[in-house]
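For reference, structure.tsv is printed below; it contains TSV, C-alpha atoms.
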```tsv
chain	number	residue	atom	x	y	z
A	1	ASN	CA	-44.18	-138.41	-64.53
A	2	PRO	CA	-44.36	-141.43	-66.90
A	3	ILE	CA	-41.21	-140.45	-68.82
A	4	VAL	CA	-39.11	-140.30	-65.66
A	5	ALA	CA	-40.73	-143.48	-64.35
A	6	ALA	CA	-39.79	-145.30	-67.56
A	7	TRP	CA	-36.14	-144.44	-66.92
A	8	ILE	CA	-36.08	-144.98	-63.16
A	9	ASN	CA	-38.23	-148.11	-62.68
A	10	PRO	CA	-35.81	-150.53	-64.44
A	11	LEU	CA	-32.94	-149.14	-62.37
A	12	ASN	CA	-34.98	-149.54	-59.19
A	13	ALA	CA	-35.80	-153.13	-60.15
A	14	SER	CA	-32.10	-153.87	-60.74
A	15	VAL	CA	-31.12	-152.38	-57.39
A	16	ASN	CA	-33.81	-154.35	-55.54
A	17	ALA	CA	-32.83	-157.60	-57.26
A	18	THR	CA	-29.04	-157.56	-57.14
A	19	TRP	CA	-27.64	-154.88	-54.81
A	20	PRO	CA	-26.80	-155.38	-51.11
A	21	GLY	CA	-29.47	-154.69	-48.51
A	22	TRP	CA	-27.92	-151.53	-47.09
A	23	THR	CA	-27.77	-149.93	-50.54
A	24	ARG	CA	-31.42	-150.82	-51.16
A	25	LEU	CA	-32.28	-149.12	-47.87
A	26	VAL	CA	-30.68	-145.88	-49.07
A	27	LEU	CA	-31.51	-145.99	-52.78
A	28	THR	CA	-35.01	-147.51	-52.99
A	29	ALA	CA	-36.47	-148.49	-49.59
A	30	GLU	CA	-39.80	-149.51	-51.11
A	31	GLN	CA	-42.60	-150.14	-48.64
A	32	GLY	CA	-45.97	-151.02	-50.18
A	33	GLN	CA	-46.92	-148.46	-52.84
A	34	PHE	CA	-44.32	-145.91	-51.81
A	35	GLY	CA	-40.56	-145.60	-52.16
A	36	TYR	CA	-38.45	-143.45	-49.87
A	37	GLY	CA	-34.95	-143.90	-51.29
A	38	LEU	CA	-32.81	-141.52	-53.29
A	39	LEU	CA	-33.71	-143.19	-56.58
A	40	ASN	CA	-37.42	-143.00	-55.76
A	41	MET	CA	-37.50	-139.45	-54.50
A	42	GLY	CA	-34.52	-137.68	-56.07
A	43	PRO	CA	-35.55	-137.69	-59.76
A	44	TYR	CA	-39.03	-136.43	-58.92
A	45	LEU	CA	-37.56	-133.62	-56.84
A	46	LEU	CA	-35.77	-132.44	-59.98
A	47	VAL	CA	-38.86	-132.96	-62.17
A	48	TRP	CA	-41.34	-131.21	-59.85
A	49	ALA	CA	-39.39	-128.83	-57.65
A	50	LEU	CA	-36.49	-127.67	-59.81
A	51	PRO	CA	-38.60	-126.19	-62.65
A	52	SER	CA	-40.69	-124.27	-60.13
A	53	VAL	CA	-37.63	-123.06	-58.26
A	54	LEU	CA	-35.99	-122.04	-61.55
A	55	LEU	CA	-39.13	-120.22	-62.69
A	56	PHE	CA	-39.47	-118.39	-59.38
A	57	ALA	CA	-35.77	-117.53	-59.41
A	58	VAL	CA	-36.01	-115.98	-62.87
A	59	PHE	CA	-39.20	-114.05	-62.08
A	60	LEU	CA	-37.97	-112.82	-58.71
A	61	GLY	CA	-34.65	-111.91	-60.26
A	62	ALA	CA	-36.43	-109.86	-62.91
A	63	TYR	CA	-38.67	-108.21	-60.31
A	64	LYS	CA	-35.71	-107.30	-58.10
A	65	ALA	CA	-33.41	-106.12	-60.89
A	66	SER	CA	-36.14	-103.98	-62.45
A	67	GLY	CA	-37.39	-102.41	-59.22
A	68	ILE	CA	-40.92	-103.86	-59.56
A	69	VAL	CA	-40.55	-105.83	-56.36
A	70	GLU	CA	-39.95	-102.65	-54.35
A	71	ARG	CA	-43.14	-101.10	-55.73
A	72	ILE	CA	-45.01	-104.26	-54.77
A	73	ASN	CA	-43.48	-104.08	-51.29
A	74	VAL	CA	-44.65	-100.49	-50.83
A	75	ALA	CA	-48.16	-101.28	-52.09
A	76	LEU	CA	-48.60	-104.41	-49.95
A	77	HIS	CA	-47.06	-103.19	-46.71
A	78	PRO	CA	-50.23	-101.60	-45.25
A	79	LEU	CA	-52.13	-104.83	-45.97
A	80	MET	CA	-49.45	-107.13	-44.58
A	81	ARG	CA	-48.67	-105.18	-41.39
A	82	PRO	CA	-51.74	-106.45	-39.42
A	83	LEU	CA	-50.49	-109.99	-40.18
A	84	GLY	CA	-47.07	-109.30	-38.71
A	85	LEU	CA	-45.39	-109.11	-42.11
A	86	SER	CA	-43.86	-106.35	-44.15
A	87	GLY	CA	-44.44	-105.88	-47.84
A	88	ARG	CA	-40.99	-107.33	-48.53
A	89	ASP	CA	-41.83	-110.54	-46.68
A	90	MET	CA	-44.52	-111.47	-49.21
A	91	VAL	CA	-41.87	-112.11	-51.84
A	92	ARG	CA	-40.24	-114.65	-49.51
A	93	VAL	CA	-43.57	-116.36	-48.84
A	94	VAL	CA	-44.23	-116.61	-52.59
A	95	MET	CA	-40.81	-118.27	-52.96
A	96	GLY	CA	-42.17	-121.07	-50.78
A	97	PHE	CA	-44.48	-122.18	-53.58
A	98	GLY	CA	-41.33	-123.32	-55.38
A	99	CYS	CA	-39.54	-124.83	-52.38
A	100	ASN	CA	-39.97	-124.01	-48.71
A	101	VAL	CA	-36.28	-124.42	-47.86
A	102	PRO	CA	-34.83	-121.52	-49.90
A	103	ALA	CA	-37.80	-119.42	-48.80
A	104	VAL	CA	-37.06	-120.13	-45.12
A	105	ILE	CA	-33.37	-119.36	-45.65
A	106	SER	CA	-34.26	-116.08	-47.38
A	107	THR	CA	-36.00	-114.89	-44.19
A	108	ARG	CA	-32.53	-114.03	-42.87
A	109	ALA	CA	-33.13	-110.68	-44.57
A	110	CYS	CA	-36.38	-110.09	-42.64
A	111	SER	CA	-36.55	-107.69	-39.73
A	112	GLY	CA	-36.27	-109.21	-36.29
A	113	CYS	CA	-39.96	-108.82	-35.50
A	114	SER	CA	-41.32	-110.12	-38.83
A	115	ARG	CA	-39.06	-113.14	-39.39
A	116	GLY	CA	-41.15	-115.42	-37.17
A	117	PRO	CA	-44.46	-114.63	-38.93
A	118	ALA	CA	-42.73	-114.99	-42.32
A	119	ILE	CA	-41.47	-118.48	-41.45
A	120	SER	CA	-44.92	-119.38	-40.10
A	121	ALA	CA	-46.56	-118.21	-43.33
A	122	ILE	CA	-44.16	-120.29	-45.42
A	123	ALA	CA	-44.58	-123.42	-43.29
A	124	PHE	CA	-48.38	-123.16	-43.13
A	125	GLY	CA	-49.63	-121.64	-46.36
A	126	ALA	CA	-46.90	-121.85	-49.03
A	127	ALA	CA	-47.85	-125.05	-50.86
A	128	CYS	CA	-44.54	-126.16	-52.38
A	129	SER	CA	-43.98	-127.73	-55.79
A	130	TYR	CA	-44.44	-131.19	-54.23
A	131	GLN	CA	-47.62	-130.37	-52.34
A	132	LEU	CA	-49.53	-128.32	-54.89
A	133	PRO	CA	-49.32	-130.74	-57.87
A	134	ALA	CA	-50.19	-133.67	-55.59
A	135	THR	CA	-53.17	-131.80	-54.17
A	136	LEU	CA	-54.47	-130.75	-57.58
A	137	ALA	CA	-54.09	-134.33	-58.87
A	138	VAL	CA	-56.17	-135.68	-55.98
A	139	LEU	CA	-58.83	-132.99	-56.47
A	140	ASN	CA	-59.00	-133.83	-60.17
A	141	ALA	CA	-59.43	-137.53	-59.36
A	142	ALA	CA	-62.16	-136.61	-56.88
A	143	ALA	CA	-63.96	-134.53	-59.50
A	144	VAL	CA	-63.89	-137.44	-61.94
A	145	SER	CA	-65.09	-139.86	-59.27
A	146	THR	CA	-67.92	-137.68	-57.93
A	147	GLY	CA	-68.91	-135.95	-61.16
A	148	GLY	CA	-67.93	-132.52	-59.84
A	149	SER	CA	-65.74	-129.77	-61.20
A	150	ALA	CA	-61.99	-129.99	-60.69
A	151	VAL	CA	-61.70	-126.21	-61.18
A	152	LEU	CA	-64.25	-125.45	-58.47
A	153	LEU	CA	-62.63	-127.93	-56.09
A	154	SER	CA	-59.21	-126.40	-56.68
A	155	ILE	CA	-60.51	-122.86	-56.20
A	156	GLY	CA	-62.31	-123.93	-53.04
A	157	PHE	CA	-59.18	-125.55	-51.62
A	158	LEU	CA	-56.89	-122.62	-52.45
A	159	SER	CA	-59.42	-120.12	-51.09
A	160	TYR	CA	-59.73	-121.98	-47.79
A	161	LEU	CA	-55.96	-122.31	-47.57
A	162	LEU	CA	-55.57	-118.55	-48.13
A	163	VAL	CA	-58.24	-117.56	-45.61
A	164	THR	CA	-56.99	-119.89	-42.89
A	165	THR	CA	-53.39	-118.77	-43.43
A	166	LEU	CA	-54.43	-115.14	-43.00
A	167	VAL	CA	-56.40	-115.96	-39.85
A	168	TYR	CA	-53.49	-118.01	-38.49
A	169	LEU	CA	-51.06	-115.15	-39.01
A	170	ARG	CA	-53.46	-112.56	-37.60
A	171	LEU	CA	-53.94	-114.55	-34.39
A	172	THR	CA	-50.30	-115.50	-33.89
A	173	ALA	CA	-48.40	-112.39	-35.03
A	174	PRO	CA	-46.59	-110.61	-32.19
A	175	LYS	CA	-47.92	-107.18	-31.36
A	176	VAL	CA	-44.65	-105.46	-32.18
A	177	ALA	CA	-44.74	-106.86	-35.71
A	178	SER	CA	-48.36	-105.83	-36.36
A	179	SER	CA	-48.04	-102.40	-34.75
A	180	PRO	CA	-49.14	-99.41	-36.89
A	181	LEU	CA	-45.82	-97.83	-35.92
A	182	ASN	CA	-44.01	-100.51	-37.92
A	183	ILE	CA	-43.36	-98.31	-40.97
A	184	LEU	CA	-41.66	-99.56	-44.12
A	185	MET	CA	-38.32	-97.85	-44.67
A	186	ASN	CA	-37.89	-96.05	-48.00
A	187	SER	CA	-41.63	-96.10	-48.65
A	188	ARG	CA	-41.49	-93.71	-51.59
A	189	ARG	CA	-41.94	-95.12	-55.09
A	190	PRO	CA	-38.59	-96.55	-56.21
A	191	PHE	CA	-36.88	-96.08	-59.55
A	192	MET	CA	-37.60	-98.72	-62.21
A	193	GLN	CA	-35.45	-99.94	-65.09
A	194	TRP	CA	-35.14	-102.80	-67.57
A	195	PRO	CA	-33.16	-105.66	-65.98
A	196	THR	CA	-29.84	-106.49	-67.61
A	197	PRO	CA	-28.85	-110.16	-68.13
A	198	ASP	CA	-26.00	-109.81	-65.61
A	199	ALA	CA	-28.30	-108.34	-62.96
A	200	LEU	CA	-30.94	-110.99	-63.65
A	201	TRP	CA	-28.42	-113.81	-63.28
A	202	CYS	CA	-26.95	-112.28	-60.14
A	203	GLU	CA	-30.35	-112.24	-58.44
A	204	ALA	CA	-31.55	-115.64	-59.71
A	205	SER	CA	-28.30	-117.51	-59.10
A	206	GLY	CA	-28.49	-116.85	-55.36
A	207	ILE	CA	-31.81	-118.70	-55.12
A	208	LEU	CA	-30.51	-121.61	-57.21
A	209	LYS	CA	-27.37	-121.88	-55.07
A	210	GLN	CA	-29.53	-122.05	-51.94
A	211	PHE	CA	-31.58	-124.85	-53.51
A	212	PHE	CA	-28.61	-127.00	-54.55
A	213	LEU	CA	-26.16	-126.26	-51.73
A	214	GLN	CA	-28.53	-125.99	-48.76
A	215	ALA	CA	-31.84	-127.68	-49.65
A	216	MET	CA	-30.40	-130.71	-51.46
A	217	PRO	CA	-28.15	-131.93	-48.59
A	218	ILE	CA	-31.13	-131.77	-46.24
A	219	PHE	CA	-33.19	-133.64	-48.83
A	220	VAL	CA	-30.61	-136.47	-48.97
A	221	LEU	CA	-30.65	-136.69	-45.17
A	222	ILE	CA	-34.45	-136.91	-45.17
A	223	CYS	CA	-34.38	-139.70	-47.77
A	224	VAL	CA	-32.13	-141.77	-45.51
A	225	LEU	CA	-34.19	-140.96	-42.40
A	226	ALA	CA	-37.50	-141.72	-44.12
A	227	SER	CA	-36.08	-145.01	-45.45
A	228	VAL	CA	-35.04	-146.09	-41.96
A	229	LEU	CA	-38.40	-145.11	-40.47
A	230	ALA	CA	-40.28	-146.98	-43.19
A	231	ARG	CA	-38.10	-150.10	-42.90
A	232	CYS	CA	-38.48	-150.14	-39.11
A	233	GLY	CA	-42.25	-149.91	-39.47
A	234	VAL	CA	-42.52	-146.56	-37.69
A	235	LEU	CA	-44.62	-144.96	-40.45
A	236	ASP	CA	-46.99	-147.92	-40.67
A	237	PHE	CA	-47.32	-147.91	-36.87
A	238	CYS	CA	-48.15	-144.20	-36.85
A	239	SER	CA	-50.79	-144.64	-39.53
A	240	SER	CA	-52.39	-147.60	-37.72
A	241	VAL	CA	-52.48	-145.67	-34.43
A	242	LEU	CA	-53.91	-142.56	-36.08
A	243	GLY	CA	-56.46	-144.48	-38.14
A	244	PRO	CA	-59.20	-144.30	-35.47
A	245	VAL	CA	-58.39	-140.60	-34.92
A	246	ALA	CA	-59.34	-139.90	-38.54
A	247	ALA	CA	-63.00	-140.35	-37.62
A	248	ILE	CA	-62.80	-137.11	-35.65
A	249	PHE	CA	-62.26	-135.35	-38.98
A	250	ASN	CA	-65.03	-137.30	-40.71
A	251	LEU	CA	-62.39	-139.34	-42.56
A	252	THR	CA	-61.92	-143.08	-42.99
A	253	ALA	CA	-59.08	-144.92	-41.28
A	254	ASP	CA	-57.33	-145.30	-44.67
A	255	SER	CA	-56.82	-141.53	-44.75
A	256	ALA	CA	-54.28	-141.70	-41.93
A	257	LEU	CA	-51.43	-143.06	-44.08
A	258	PRO	CA	-51.40	-140.20	-46.67
A	259	VAL	CA	-51.53	-137.66	-43.83
A	260	VAL	CA	-48.59	-139.31	-42.03
A	261	LEU	CA	-46.55	-139.58	-45.23
A	262	ALA	CA	-47.27	-135.95	-46.10
A	263	CYS	CA	-45.55	-134.96	-42.86
A	264	VAL	CA	-42.43	-136.63	-44.25
A	265	ARG	CA	-42.75	-135.54	-47.89
A	266	LYS	CA	-45.66	-133.62	-49.31
A	267	ASP	CA	-46.24	-135.77	-52.37
A	268	GLY	CA	-47.52	-138.41	-49.93
A	269	ILE	CA	-50.83	-136.67	-50.64
A	270	PHE	CA	-50.82	-138.65	-53.91
A	271	LEU	CA	-51.84	-141.75	-51.95
A	272	PHE	CA	-55.34	-140.31	-51.72
A	273	ALA	CA	-55.52	-140.94	-55.48
A	274	ALA	CA	-53.54	-144.15	-55.93
A	275	GLU	CA	-54.07	-146.35	-58.99
A	276	ASN	CA	-55.28	-143.49	-61.21
A	277	GLY	CA	-58.36	-142.77	-59.11
A	278	LEU	CA	-59.46	-142.26	-55.53
A	279	ALA	CA	-57.74	-144.95	-53.49
A	280	PHE	CA	-60.84	-145.39	-51.31
A	281	PRO	CA	-64.41	-144.01	-51.42
A	282	MET	CA	-64.62	-140.40	-50.25
A	283	THR	CA	-67.11	-137.59	-50.57
A	284	THR	CA	-66.13	-134.18	-51.91
A	285	VAL	CA	-65.87	-132.76	-48.40
A	286	GLN	CA	-63.75	-135.68	-47.24
A	287	VAL	CA	-61.32	-135.16	-50.13
A	288	LEU	CA	-60.97	-131.47	-49.34
A	289	THR	CA	-60.55	-132.29	-45.66
A	290	GLY	CA	-57.94	-134.96	-46.29
A	291	VAL	CA	-55.70	-132.94	-48.62
A	292	TYR	CA	-55.99	-129.84	-46.43
A	293	LEU	CA	-55.03	-131.71	-43.25
A	294	ALA	CA	-52.15	-133.48	-44.99
A	295	GLY	CA	-50.91	-130.19	-46.43
A	296	VAL	CA	-50.95	-127.97	-43.35
A	297	LEU	CA	-50.70	-130.27	-40.32
A	298	LEU	CA	-46.90	-130.03	-40.38
A	299	PRO	CA	-44.30	-128.87	-42.91
A	300	CYS	CA	-42.35	-131.67	-44.55
A	301	LEU	CA	-39.26	-132.91	-42.74
A	302	VAL	CA	-36.95	-131.06	-45.12
A	303	ALA	CA	-38.63	-127.74	-44.34
A	304	ALA	CA	-38.82	-128.53	-40.62
A	305	LEU	CA	-35.07	-129.20	-40.47
A	306	ALA	CA	-34.39	-126.00	-42.41
A	307	ILE	CA	-36.46	-124.05	-39.88
A	308	ALA	CA	-34.57	-125.71	-37.03
A	309	ARG	CA	-31.26	-124.68	-38.62
A	310	GLU	CA	-32.41	-121.09	-38.97
A	311	ALA	CA	-34.03	-120.86	-35.52
A	312	SER	CA	-33.50	-122.74	-32.27
A	313	TRP	CA	-34.87	-126.24	-31.80
A	314	GLY	CA	-37.11	-124.98	-29.01
A	315	ALA	CA	-38.59	-122.25	-31.18
A	316	THR	CA	-39.10	-124.75	-34.00
A	317	GLY	CA	-40.91	-127.14	-31.67
A	318	ILE	CA	-43.25	-124.36	-30.53
A	319	LEU	CA	-43.91	-123.33	-34.14
A	320	LEU	CA	-44.72	-126.91	-35.20
A	321	LEU	CA	-46.98	-127.52	-32.19
A	322	ARG	CA	-48.83	-124.24	-32.79
A	323	GLN	CA	-49.24	-124.99	-36.48
A	324	ALA	CA	-50.56	-128.49	-35.75
A	325	LEU	CA	-53.13	-127.15	-33.27
A	326	PHE	CA	-54.40	-124.51	-35.68
A	327	ALA	CA	-54.43	-127.04	-38.53
A	328	VAL	CA	-56.58	-129.40	-36.45
A	329	GLY	CA	-59.02	-126.59	-35.62
A	330	PHE	CA	-59.30	-125.38	-39.22
A	331	THR	CA	-59.70	-128.98	-40.45
A	332	LEU	CA	-62.54	-129.66	-38.01
A	333	ILE	CA	-64.34	-126.56	-39.27
A	334	LEU	CA	-63.90	-127.72	-42.87
A	335	ALA	CA	-64.83	-131.33	-42.14
A	336	TRP	CA	-68.06	-130.73	-40.26
A	337	GLY	CA	-68.98	-127.29	-41.59
A	338	GLY	CA	-68.48	-128.51	-45.14
A	339	THR	CA	-70.98	-131.35	-44.66
A	340	LEU	CA	-73.63	-128.74	-43.87
A	341	LEU	CA	-72.86	-126.67	-46.96
A	342	LEU	CA	-72.16	-129.36	-49.56
```
For this file, produce the structure as structure tokens.
Amino acid sequence: NPIVAAWINPLNASVNATWPGWTRLVLTAEQGQFGYGLLNMGPYLLVWALPSVLLFAVFLGAYKASGIVERINVALHPLMRPLGLSGRDMVRVVMGFGCNVPAVISTRACSGCSRGPAISAIAFGAACSYQLPATLAVLNAAAVSTGGSAVLLSIGFLSYLLVTTLVYLRLTAPKVASSPLNILMNSRRPFMQWPTPDALWCEASGILKQFFLQAMPIFVLICVLASVLARCGVLDFCSSVLGPVAAIFNLTADSALPVVLACVRKDGIFLFAAENGLAFPMTTVQVLTGVYLAGVLLPCLVAALAIAREASWGATGILLLRQALFAVGFTLILAWGGTLLL
């Protein structure tokens, strides 16, 4: 956002020029084209994520207070059951498009058998307000560079993300969660009413409190961790090691760095389109492959820590390994199957 950058860049320059080294590590931590500190990441979290979280909070609050959400739950339950989800879980997955952390925390209200699939759906297919704008920006830059259509590229990406998420859930959902005997309680059509301001605020404020009181502390911790990893050269080392691996996905070695950074924070996908255009030559299929792999290989560190807090570390490790394996398989299909179709 140029307006925010105009306010933040002079402050970053002052910190880098005059402040002690340990404060620069926490506040800016600039490495190459990317900054990992609180001043680099924090303002953009508020610019990108907060409006989406606020919008989702208001809409979900209105849906819940009016009774619409219960009608949606009843209508979607037969479709969601084969995926290991209930109709109510879809609302929580949709919350992940604002921020994955409150969505993961909201799964506390899921049934015991559907909470795992709900968390998996959020981590894999709910493109948060960092990931989705970054992805669409890269696809738009690719369309300008290749002379294609940004709309068609975006629809193609979102369609593939939806299909692969559904397949992932169908193959990984426990049998007890996808059983036809898993019937939604209170399945009759619920009463509907106009939401009152007090009821709307009561519903929406809970989501906002989760964002500020639970997601933000984790975000600050990730800023510090990412700064240390960048300063120690761990991220650059990972990208250099994974550079040759990118060829397996029909990608150039330069594609490794955005993928690695996206595992830390999802707007690392922007590096595919650095300097107001594609950072390095890529075909349409390579762009789709790169942003898809960066988006679904792993959830960002903030979301991963939130999952670990809600589940055990062992269960989180299994979930991340399983997601990475499926992401690799789906990416290979897109990378090499797409070259035959496009």
Item checked: One-decimal distance in Å that lies between atom CA of A:Ala324 and atom CA of A:Leu341 ->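 Atom CA of A:Leu341 sits 25.0 Å away from atom CA of A:Ala324.
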Next item on the list: Mind giving me the straight-line distance from atom CA of A:Leu139 to atom CA of A:Pro102 in Å, one decimal?
Entry: 27.4 Å
Shell of 10 Å around A:Val228, all atoms listed in the file, local chain residues under 5 positions omitted, as a JSON list (two decimals) with C-alpha atoms, in the frame of the given file:
```json
[["chain", "number", "residue", "atom", "x", "y", "z"],
["A", 25, "LEU", "CA", -32.28, -149.12, -47.87],
["A", 26, "VAL", "CA", -30.68, -145.88, -49.07],
["A", 29, "ALA", "CA", -36.47, -148.49, -49.59],
["A", 36, "TYR", "CA", -38.45, -143.45, -49.87],
["A", 37, "GLY", "CA", -34.95, -143.90, -51.29],
["A", 222, "ILE", "CA", -34.45, -136.91, -45.17],
["A", 223, "CYS", "CA", -34.38, -139.70, -47.77],
["A", 233, "GLY", "CA", -42.25, -149.91, -39.47],
["A", 234, "VAL", "CA", -42.52, -146.56, -37.69],
["A", 235, "LEU", "CA", -44.62, -144.96, -40.45]]
```
Margin query: Can you measure atom CA of A:Pro195 to atom CA of A:Ala62 for me? One decimal in Å is fine.
Written below: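 These atoms are spaced 6.1 Å apart.
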Check: What residues have an atom no more than 12 Å from (-45.9, -139.4, -45.0) in the file's own frame, counting all atoms listed in the file, and can you write them as number ranges by chain?
Finding: A: 31, 34-36, 131, 222-223, 226-227, 229-230, 234-239, 255-272, 294-295, 297-301
Next item on the list: Would you be able to write out as JSON, numbers by chain which residues have an atom within 7 Å of (-64.4, -136.0, -43.4) in the file's coordinates, counting only C-alpha atoms?
Entry: {"A": [249, 250, 251, 285, 286, 289, 335]}
Item checked: Of the listed residues A:Leu293, A:Ala204, A:Val176, A:Val220, that which approaches A:Leu39 most closely, counting all atoms listed in the file ->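 Selected residue with least distance to A:Leu39: A:Val220.
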Margin query: as an NGL selection string, please: the residues near A:Ala303 (cut-off 9 Å, all atoms listed in the file, same-chain neighbours under 3 positions excluded).
Written below: :A and (99-101 or 104 or 123 or 215 or 218 or 299-300 or 306-308)
Output of the above residues as an mmCIF file, keeping the file's coordinate frame, restricted to C-alpha atoms:
```cif
data_model
loop_
_atom_site.group_PDB
_atom_site.id
_atom_site.type_symbol
_atom_site.label_atom_id
_atom_site.label_comp_id
_atom_site.auth_asym_id
_atom_site.auth_seq_id
_atom_site.Cartn_x
_atom_site.Cartn_y
_atom_site.Cartn_z
ATOM 1 C CA CYS A 99 -39.540 -124.830 -52.380
ATOM 2 C CA ASN A 100 -39.970 -124.010 -48.710
ATOM 3 C CA VAL A 101 -36.280 -124.420 -47.860
ATOM 4 C CA VAL A 104 -37.060 -120.130 -45.120
ATOM 5 C CA ALA A 123 -44.580 -123.420 -43.290
ATOM 6 C CA ALA A 215 -31.840 -127.680 -49.650
ATOM 7 C CA ILE A 218 -31.130 -131.770 -46.240
ATOM 8 C CA PRO A 299 -44.300 -128.870 -42.910
ATOM 9 C CA CYS A 300 -42.350 -131.670 -44.550
ATOM 10 C CA ALA A 306 -34.390 -126.000 -42.410
ATOM 11 C CA ILE A 307 -36.460 -124.050 -39.880
ATOM 12 C CA ALA A 308 -34.570 -125.710 -37.030
#
```
Check: If you count all atoms listed in the file, which residues fall within 12 Å of A:Arg81, apart from same-chain ones fewer than 5 positions away, as JSON, numbers by chain?
Finding: {"A": [73, 74, 75, 76, 86, 87, 88, 89, 90, 113, 114, 117, 118, 166, 169, 170, 173, 174, 175, 176, 177, 178, 179, 180, 181, 182, 183, 184]}
Kindly output stretch 89-94 of chain A as an mmCIF file, keeping the file's coordinate frame, after building all heavy atoms.
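Printed below is result_34.cif as written:
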```cif
data_model
loop_
_atom_site.group_PDB
_atom_site.id
_atom_site.type_symbol
_atom_site.label_atom_id
_atom_site.label_comp_id
_atom_site.auth_asym_id
_atom_site.auth_seq_id
_atom_site.Cartn_x
_atom_site.Cartn_y
_atom_site.Cartn_z
ATOM 1 N N ASP A 89 -41.738 -109.144 -47.084
ATOM 2 C CA ASP A 89 -41.830 -110.540 -46.680
ATOM 3 C C ASP A 89 -42.716 -111.361 -47.617
ATOM 4 O O ASP A 89 -42.558 -112.583 -47.702
ATOM 5 C CB ASP A 89 -42.377 -110.650 -45.253
ATOM 6 C CG ASP A 89 -41.454 -110.010 -44.235
ATOM 7 O OD1 ASP A 89 -40.238 -110.010 -44.471
ATOM 8 O OD2 ASP A 89 -41.954 -109.496 -43.222
ATOM 9 N N MET A 90 -43.637 -110.727 -48.314
ATOM 10 C CA MET A 90 -44.520 -111.470 -49.210
ATOM 11 C C MET A 90 -43.749 -112.140 -50.328
ATOM 12 O O MET A 90 -44.109 -113.228 -50.786
ATOM 13 C CB MET A 90 -45.593 -110.541 -49.787
ATOM 14 C CG MET A 90 -46.779 -110.332 -48.870
ATOM 15 S SD MET A 90 -47.545 -111.906 -48.370
ATOM 16 C CE MET A 90 -48.018 -112.568 -49.959
ATOM 17 N N VAL A 91 -42.688 -111.503 -50.795
ATOM 18 C CA VAL A 91 -41.870 -112.110 -51.840
ATOM 19 C C VAL A 91 -41.268 -113.424 -51.334
ATOM 20 O O VAL A 91 -41.207 -114.422 -52.054
ATOM 21 C CB VAL A 91 -40.765 -111.146 -52.289
ATOM 22 C CG1 VAL A 91 -39.844 -111.808 -53.308
ATOM 23 C CG2 VAL A 91 -41.374 -109.882 -52.876
ATOM 24 N N ARG A 92 -40.839 -113.439 -50.083
ATOM 25 C CA ARG A 92 -40.240 -114.650 -49.510
ATOM 26 C C ARG A 92 -41.291 -115.742 -49.344
ATOM 27 O O ARG A 92 -41.003 -116.924 -49.540
ATOM 28 C CB ARG A 92 -39.579 -114.316 -48.184
ATOM 29 C CG ARG A 92 -38.509 -113.225 -48.339
ATOM 30 C CD ARG A 92 -37.879 -112.818 -47.030
ATOM 31 N NE ARG A 92 -36.891 -111.777 -47.252
ATOM 32 C CZ ARG A 92 -37.096 -110.481 -47.038
ATOM 33 N NH1 ARG A 92 -38.256 -110.073 -46.545
ATOM 34 N NH2 ARG A 92 -36.153 -109.598 -47.288
ATOM 35 N N VAL A 93 -42.506 -115.375 -48.972
ATOM 36 C CA VAL A 93 -43.570 -116.360 -48.840
ATOM 37 C C VAL A 93 -43.904 -116.958 -50.211
ATOM 38 O O VAL A 93 -44.097 -118.173 -50.344
ATOM 39 C CB VAL A 93 -44.828 -115.725 -48.210
ATOM 40 C CG1 VAL A 93 -45.981 -116.723 -48.183
ATOM 41 C CG2 VAL A 93 -44.521 -115.238 -46.794
ATOM 42 N N VAL A 94 -43.954 -116.121 -51.233
ATOM 43 C CA VAL A 94 -44.230 -116.610 -52.590
ATOM 44 C C VAL A 94 -43.142 -117.580 -53.034
ATOM 45 O O VAL A 94 -43.413 -118.560 -53.733
ATOM 46 C CB VAL A 94 -44.354 -115.425 -53.565
ATOM 47 C CG1 VAL A 94 -44.405 -115.918 -55.007
ATOM 48 C CG2 VAL A 94 -45.613 -114.620 -53.252
#
```
